[in-house]
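Since the structure comes first, as structure tokens, the remarks are kept for the end.
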Amino acid sequence: MGKAIRYLLVGLGAVVMLFPFAWAVITSITPSDAVLAVPPDFTPDDASLDAYGKLLDTLPFWRIVANSAWIGAASTTLQLVTSAMAAYAFARLPFPGRGALFSVYLATLMMPLPVLVVPLFIEMRTFNLVDTYFALLAPTIASAFGVFLLRQAINQVPREFDEAAVLDGAGHFRIFLYVVLPLIRPALATFAIFGFMASWNSYLWPLIIIKSPEFMTLPLGLATLHGQFTTEWDVVMAGSVISVVPILILYVFAQKHVIASVAQSGLK
Amino acid sequence: MSQRIRVAASLAAAALLATACSQGSATKAPSGEGGKVTLRYFTFSAAPDHVKDLDKIEKAFEKENPKIDVVVETAPFDEYFTKLQTSIAGGTAPDTFELNYENFVTYASAGSLLDLDTVKGDGDPSVYAKESLDAFQRDGKQYALPASFSTVVLFYNKDLFDKAGVAPPTADWTWADEQAAAAKLTDKKKGVFGDFQPVQFFEFYKTLKQAGGEFLSADGKKSAFNGPAGVKAAQWLVSKVGKTMPTEAEIGGTADYDTNLFKSGKLAMWHNGIWQFAGLKDAAFTWDVVVEPGDAAKASAVFHNAVAASSGTKHGKEAWAWARFLSSSNTAATTRVESSWELPPVADQAVLSGYLKDPKPANRQAVFDSLKSIALPPVIKRQQEMQDAVTKQLTEAAAGRKPVEEALKTAAADVDALLS
Amino acid sequence: MTLTAVRPKAGGTRERRAPRRRWRYAGTVAVFLLPSLIPLTLYTLIPMVASFWTSLHEWDLITEMRWVGLGNYLELLGDAGTRAAFLHTLYFIAGYLPLVYLGGLGLALLLNRAMPGRGLLRGVYFLPVITSWVVVALMWKWLLNPASGVVNWALGLFGVSGPGWWTDPDWAMPSIIFASAWKDLGFVMIILLAGLQAIPKEFQEAAMVDGATAFRRFRHITLPLLSPSSFFVVVISLINGFQVFDQVKIMTGGGPGGATQVVVSQIYDLTFRYGRAGAASALSWLLFALVLLVTIVQIRGQKRWVTYG
């Protein structure tokens, strides 16, 4: 294939990927009365930040962003720890019924969330945890997907490494901490991203379990916004822009590692 | 799974559940300091435009009842019932909550509402308009107190009528008059539409009544709308789409599209509720309202909201006091009237007469006239499914994917299945 | 084992020590397993069991449950709404899967070769993957707005009058498919890139020496060696495809006229709008069974097309 065509294709694709984001930014600074104009104005002369002001008046948006950020970080950390440990057990510690238990883990991935939400709510209320940070976190402490992913990665670590450590007198905890974990770092990084995304995007569960605005997370805030300002696309897009910015900054810093680690994470 | 792990896992789970249950029974009693009772109220009609008005009513109530602290929780209508149902299922139902007439039956017959007569204090029931009070009774028990009502009227842009040389609507208009005027007023080149009436369940049951039909059979056990009147009503709604009214694509699924179209002076006639009055105060053109045109008969839609108490509340007396205050107190009634929110269902015409003093729209009397012949929505146990089924078939017909007759036939079969 | 062979006479002491060691080993397994097993049990498995129990009842979330046995399942199997929901889900998968897979494969092949700005470009394609579905759905709803959306305006420049997209029963599902493919393209690309990079260069070089055309090299070397990655992508995409929900909920809510009502949005409606939690649970278990079946068939069938190098 010609080099020119290759560049053209990739470039066009990149435009398609970026345009929606750019358009969201443009819409968010367009004065509200010009938002619905046809043809669209790509360079609004009288750009204004009114939509952002309106947004911050309606919802405690920074608080909501902060909630999402710290809950995302906490749930990612918890998932990393619990999943890596279980993955180690499934990869390295044979015990009777291991295969069956692993199948149970995988099966939980196939259950649609909306139907689990009601029993889970009732459970939370029995624990007296409705409308708390813990209730937001609880369902994300363990991740079957994480166990699946990390077990694949650990399976690819040559057993000779473990055996060498055993000869040095290391037990399973030391092997796990000092041999296996460093070797599956790329997979851990990959999973950290997916785990964070899952929490960052989660919508239905927070909707059910959270009542007070002070515990609201981003998707909930955005959906509320969309409900209240259905045609005020400038405000809705301002909310979207604000919610993308933190993860974008994170991503710019981590980009190299993210792509590299996904590429090496044993997803092949 | 190995026997040992299975046993260990179930033991752990059982132990945790046991602690959980013992905790659960000791639910934090919702009472504040100094013997103050905290009363939760969940509502959909306040946010976002009338939060301040509700706040005003709440403050007045707390002043009169210093021992009660009302905590308001709001949710948009789309999410309201999702949250209410889950909280009832989980046993965390709010003490008091708002219900609309369509959903009242579902909750009352499920036993989740407190019979308010068992907790009522002093208070004369005659302050309420009788029809409103009766609407929230079931099996002779008062399960909720009517808090507000609103009706649907025909809004029109007088300037557009004058410019086109068409006589503005009157209370005597029929569908034919509306159609003729709408055709003359529509000017697609200028983006002006003659008419706007959504194609969905709520418009259908009403136009059906206007066409002389009934939605359900007299015993309520079968659908009755699949007949000449039903076809006429559905045809009337569907025929506007793309001719005198924008199509779904032009609307773009945006909920306030019609509001903005009317506000920008590009819509001549608009079927909508009186809750729009406040938002139209600053319109740059002359507008007014009139009772909706009928066909074989006149029929106007009335929406009713009420305050109910949860059957599980520990504060029945306080719940009643709040419901009573919210629905019939002078403060509540005048606040609703002054902010052109919705109307208080009170019998005292003097309170309501304040509503007529507002100069805009000029023909406010139409709101009361529309009450003379009303169409209440049909209510069944599987309400939401019925509404969705009817709207779905009407949408298909409006999109031209089905003839109206076939759509109605399918809708009738669906509704019959829900009733069986 | 080796120890036993070397010191056969130590049998006596071993017998006393073995149970202790076995207990210690069990303890180690438990310490590694329980941090995830306990929360998984509490917050996923118990609700799953509860939902199965619910599926045997009629329950509106408000009144007491009423036992109906397999009634919900029997009703669902003969129900037109269920059939429509499964068909719409299959429609989504049929559109979405080829689009993300072929698109992702194309991108991976293009971006696997050295070119300036390659890292940045990969980043650009990955950006939608890390953006929340609520945001993506809102952005696409706006782009595909029939009246004032940019897409229809652009089509208008070419003299094409754009469709009603998510407001038109015929175009609503394609709109959701486009938005979903746009979001997930980068994910597929990254996984396939990883696969491509794991293919040893020697294979390609050897084939080139033999004078194989680019197409033949792709067909007979790249594609087979990429099959494990492809397998992973297909399995995960199918599981996610069967559970498509967030984008539907925000973009169309299942409409217009039920045209995008997929299985999980039907489950949502049954639970929260129609007060039929029992039927909803039964439908979830039917979906669960289907996904499980499809996944097992895939794992069984992978021998036919997946080559592990």
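Each chain in the structure tokens gets a letter, A, B and so on, in the order shown; residues start at 1 in every chain, and ligands are counted from 1 in the order they appear.
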
Contact residues around Gly230 of chain B with only C-alpha atoms at 8 Å, ignoring same-chain residues under 2 positions, as a VMD selection string:
chain B and resid 208 211 213 225 to 228 232 to 234 408

Kindly provide, as a PyMOL selection string, the residues of chain C having any atom no farther than 10 Å from an atom of chain B, counting only C-alpha atoms.
chain C and resi 26+30+34+37-39+41-42+46+59-64+141-142+144-149+162-170+251-252+255-259+268-276

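With only C-alpha atoms taken into account, the protein and nucleic acid residues at most 8 Å from segment 242-248 of chain A (excluding it and anything under 3 positions from it in its own chain) are Val65, Leu218, Ala238, Gly239, Tyr251 and Val252 of chain A; Leu127, Ile130, Thr131, Ser132 and Val135 of chain C.
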
For the selection just defined, write its residues with C-alpha atoms to a file, as a CSV table (one decimal), in the first residue's frame.
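Result went into selection-v1.csv, see below:
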```
chain,number,residue,atom,x,y,z
A,65,VAL,CA,-15.4,15.3,40.0
A,218,LEU,CA,-19.8,12.1,37.4
A,238,ALA,CA,-19.6,21.9,29.2
A,239,GLY,CA,-20.3,19.1,31.7
A,251,TYR,CA,-3.8,9.9,30.2
A,252,VAL,CA,-1.4,12.3,28.6
C,127,LEU,CA,-9.0,8.4,23.7
C,130,ILE,CA,-11.2,6.0,28.3
C,131,THR,CA,-14.1,8.4,28.0
C,132,SER,CA,-17.2,7.7,30.0
C,135,VAL,CA,-20.2,11.5,27.7
```

Going by DSSP on the backbone, which bits of segment 17-253 of chain C are strand (DSSP E or B)? Write them as a PyMOL selection string, please.
chain C and resi 57-58+66-67

Interatomic distance between atom CA of Arg364 of chain B and atom CA of Asp172 of chain B?
16.3 Å

Identify every residue of chain A that has at least one atom within 12 Å of any atom of chain B, counting only C-alpha atoms, and report the result as a ChimeraX atom specification.
/A:33,36,58-59,94-105,114-115,117-131,204-213,220-221,223-233

Rows by chain and residue number, chain C within 6 Å of chain A, shortest pair, only C-alpha atoms, as a tab-separated table:
```
residue	atom	partner	partner_atom	distance
C:Phe32	CA	A:Met85	CA	4.9
C:Leu33	CA	A:Ala86	CA	4.7
C:Pro35	CA	A:Thr82	CA	5.3
C:Ser36	CA	A:Thr82	CA	4.9
C:Pro39	CA	A:Ala142	CA	5.9
C:Leu40	CA	A:Ala142	CA	5.6
C:Tyr43	CA	A:Pro139	CA	5.3
C:Pro47	CA	A:Pro119	CA	5.1
C:Ser132	CA	A:Asn201	CA	4.9
C:Val134	CA	A:Pro219	CA	5.9
C:Val135	CA	A:Ser240	CA	5.4
C:Ser148	CA	A:Leu36	CA	5.6
C:Ala194	CA	A:Ala263	CA	4.1
C:Gly195	CA	A:Lys268	CA	5.2
C:Pro228	CA	A:Lys268	CA	5.5
C:Ser229	CA	A:Lys268	CA	4.2
C:Tyr268	CA	A:Pro114	CA	5.8
C:Ser281	CA	A:Val115	CA	5.8
C:Phe288	CA	A:Met111	CA	5.7
```

Smallest atom-to-atom distance to Asp246 of chain C: which of C:Ala137, C:Ile267, C:Val188, C:Leu70, using only C-alpha atoms?
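Ranking C:Ala137, C:Ile267, C:Val188, C:Leu70 by distance to Asp246 of chain C, first place goes to C:Ala137.
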
Best match for closeness to Val290 of chain B among B:Lys158, B:Lys243, B:Lys357, B:His50, counting only C-alpha atoms:
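Comparing B:Lys158, B:Lys243, B:Lys357, B:His50 against Val290 of chain B, the winner is B:Lys158.
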
Taking 6 positions as the minimum chain separation for residues in the same chain, which residues sit within 10 Å of Phe218 of chain C when counting only C-alpha atoms? Answer as a list of chain:residue names.
C:Leu109, C:Gln204, C:Ala212, C:Pro224, C:Leu225

Export of the given selection (C-alpha atoms) as a PDB file, in the first residue's frame:
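The result, written out as again.pdb:
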```pdb
ATOM      1  CA  LEU C 109      -1.997  -3.035  10.607  1.00  0.00           C
ATOM      2  CA  GLN C 204       7.571 -12.268   7.382  1.00  0.00           C
ATOM      3  CA  ALA C 212       5.035 -14.187  -1.422  1.00  0.00           C
ATOM      4  CA  PRO C 224      -3.207 -17.159  11.604  1.00  0.00           C
ATOM      5  CA  LEU C 225      -0.576 -15.885  14.001  1.00  0.00           C
TER       6      LEU C 225
END
```

Shell around Trp305 of chain C at 9 Å using only C-alpha atoms, local window under 4 positions removed, as a PyMOL selection string
chain C and resi 224+227+231+301

For Leu105 of chain C, find every residue with an atom within 8 Å (counting only C-alpha atoms), except residues of its own chain fewer than 3 positions away, and show them as an mmCIF file with N, CA and C atoms, in the first residue's frame.
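Below is the file that was written, result-v1.cif:
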```
data_model
loop_
_atom_site.group_PDB
_atom_site.id
_atom_site.type_symbol
_atom_site.label_atom_id
_atom_site.label_comp_id
_atom_site.auth_asym_id
_atom_site.auth_seq_id
_atom_site.Cartn_x
_atom_site.Cartn_y
_atom_site.Cartn_z
ATOM 1 N N TYR C 101 -14.157 -5.070 14.733
ATOM 2 C CA TYR C 101 -13.049 -5.991 14.479
ATOM 3 C C TYR C 101 -12.278 -5.579 13.230
ATOM 4 N N LEU C 102 -12.999 -5.382 12.111
ATOM 5 C CA LEU C 102 -12.295 -5.025 10.875
ATOM 6 C C LEU C 102 -11.641 -3.654 10.998
ATOM 7 N N ALA C 108 -4.725 -1.411 13.364
ATOM 8 C CA ALA C 108 -3.554 -2.066 13.954
ATOM 9 C C ALA C 108 -2.503 -2.320 12.878
ATOM 10 N N LEU C 109 -2.943 -2.775 11.690
ATOM 11 C CA LEU C 109 -1.997 -3.035 10.607
ATOM 12 C C LEU C 109 -1.328 -1.741 10.158
ATOM 13 N N VAL C 188 -9.868 -2.505 20.538
ATOM 14 C CA VAL C 188 -9.565 -3.629 19.652
ATOM 15 C C VAL C 188 -8.210 -3.411 18.981
ATOM 16 N N MET C 189 -7.982 -2.170 18.550
ATOM 17 C CA MET C 189 -6.719 -1.853 17.891
ATOM 18 C C MET C 189 -5.524 -2.188 18.781
ATOM 19 N N LEU C 192 -4.975 -5.960 19.188
ATOM 20 C CA LEU C 192 -4.447 -6.578 17.975
ATOM 21 C C LEU C 192 -3.016 -6.106 17.705
#
```

For Arg159 of chain A, which of A:Tyr52, A:Gly146, A:Leu177, A:Ala91 is the closest residue, counting only C-alpha atoms?
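For Arg159 of chain A, the nearest of the given residues is A:Ala91.
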
One decimal, Å: what's the distance from atom CA of Trp236 of chain B over to atom CA of Tyr156 of chain B, could you say?
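The value is 18.8 Å.
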
If I take atom CA of Trp182 of chain C and atom CA of Leu149 of chain A, how far is one from the other in Å, to one decimal?
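Computing it gives 24.0 Å between the two atoms.
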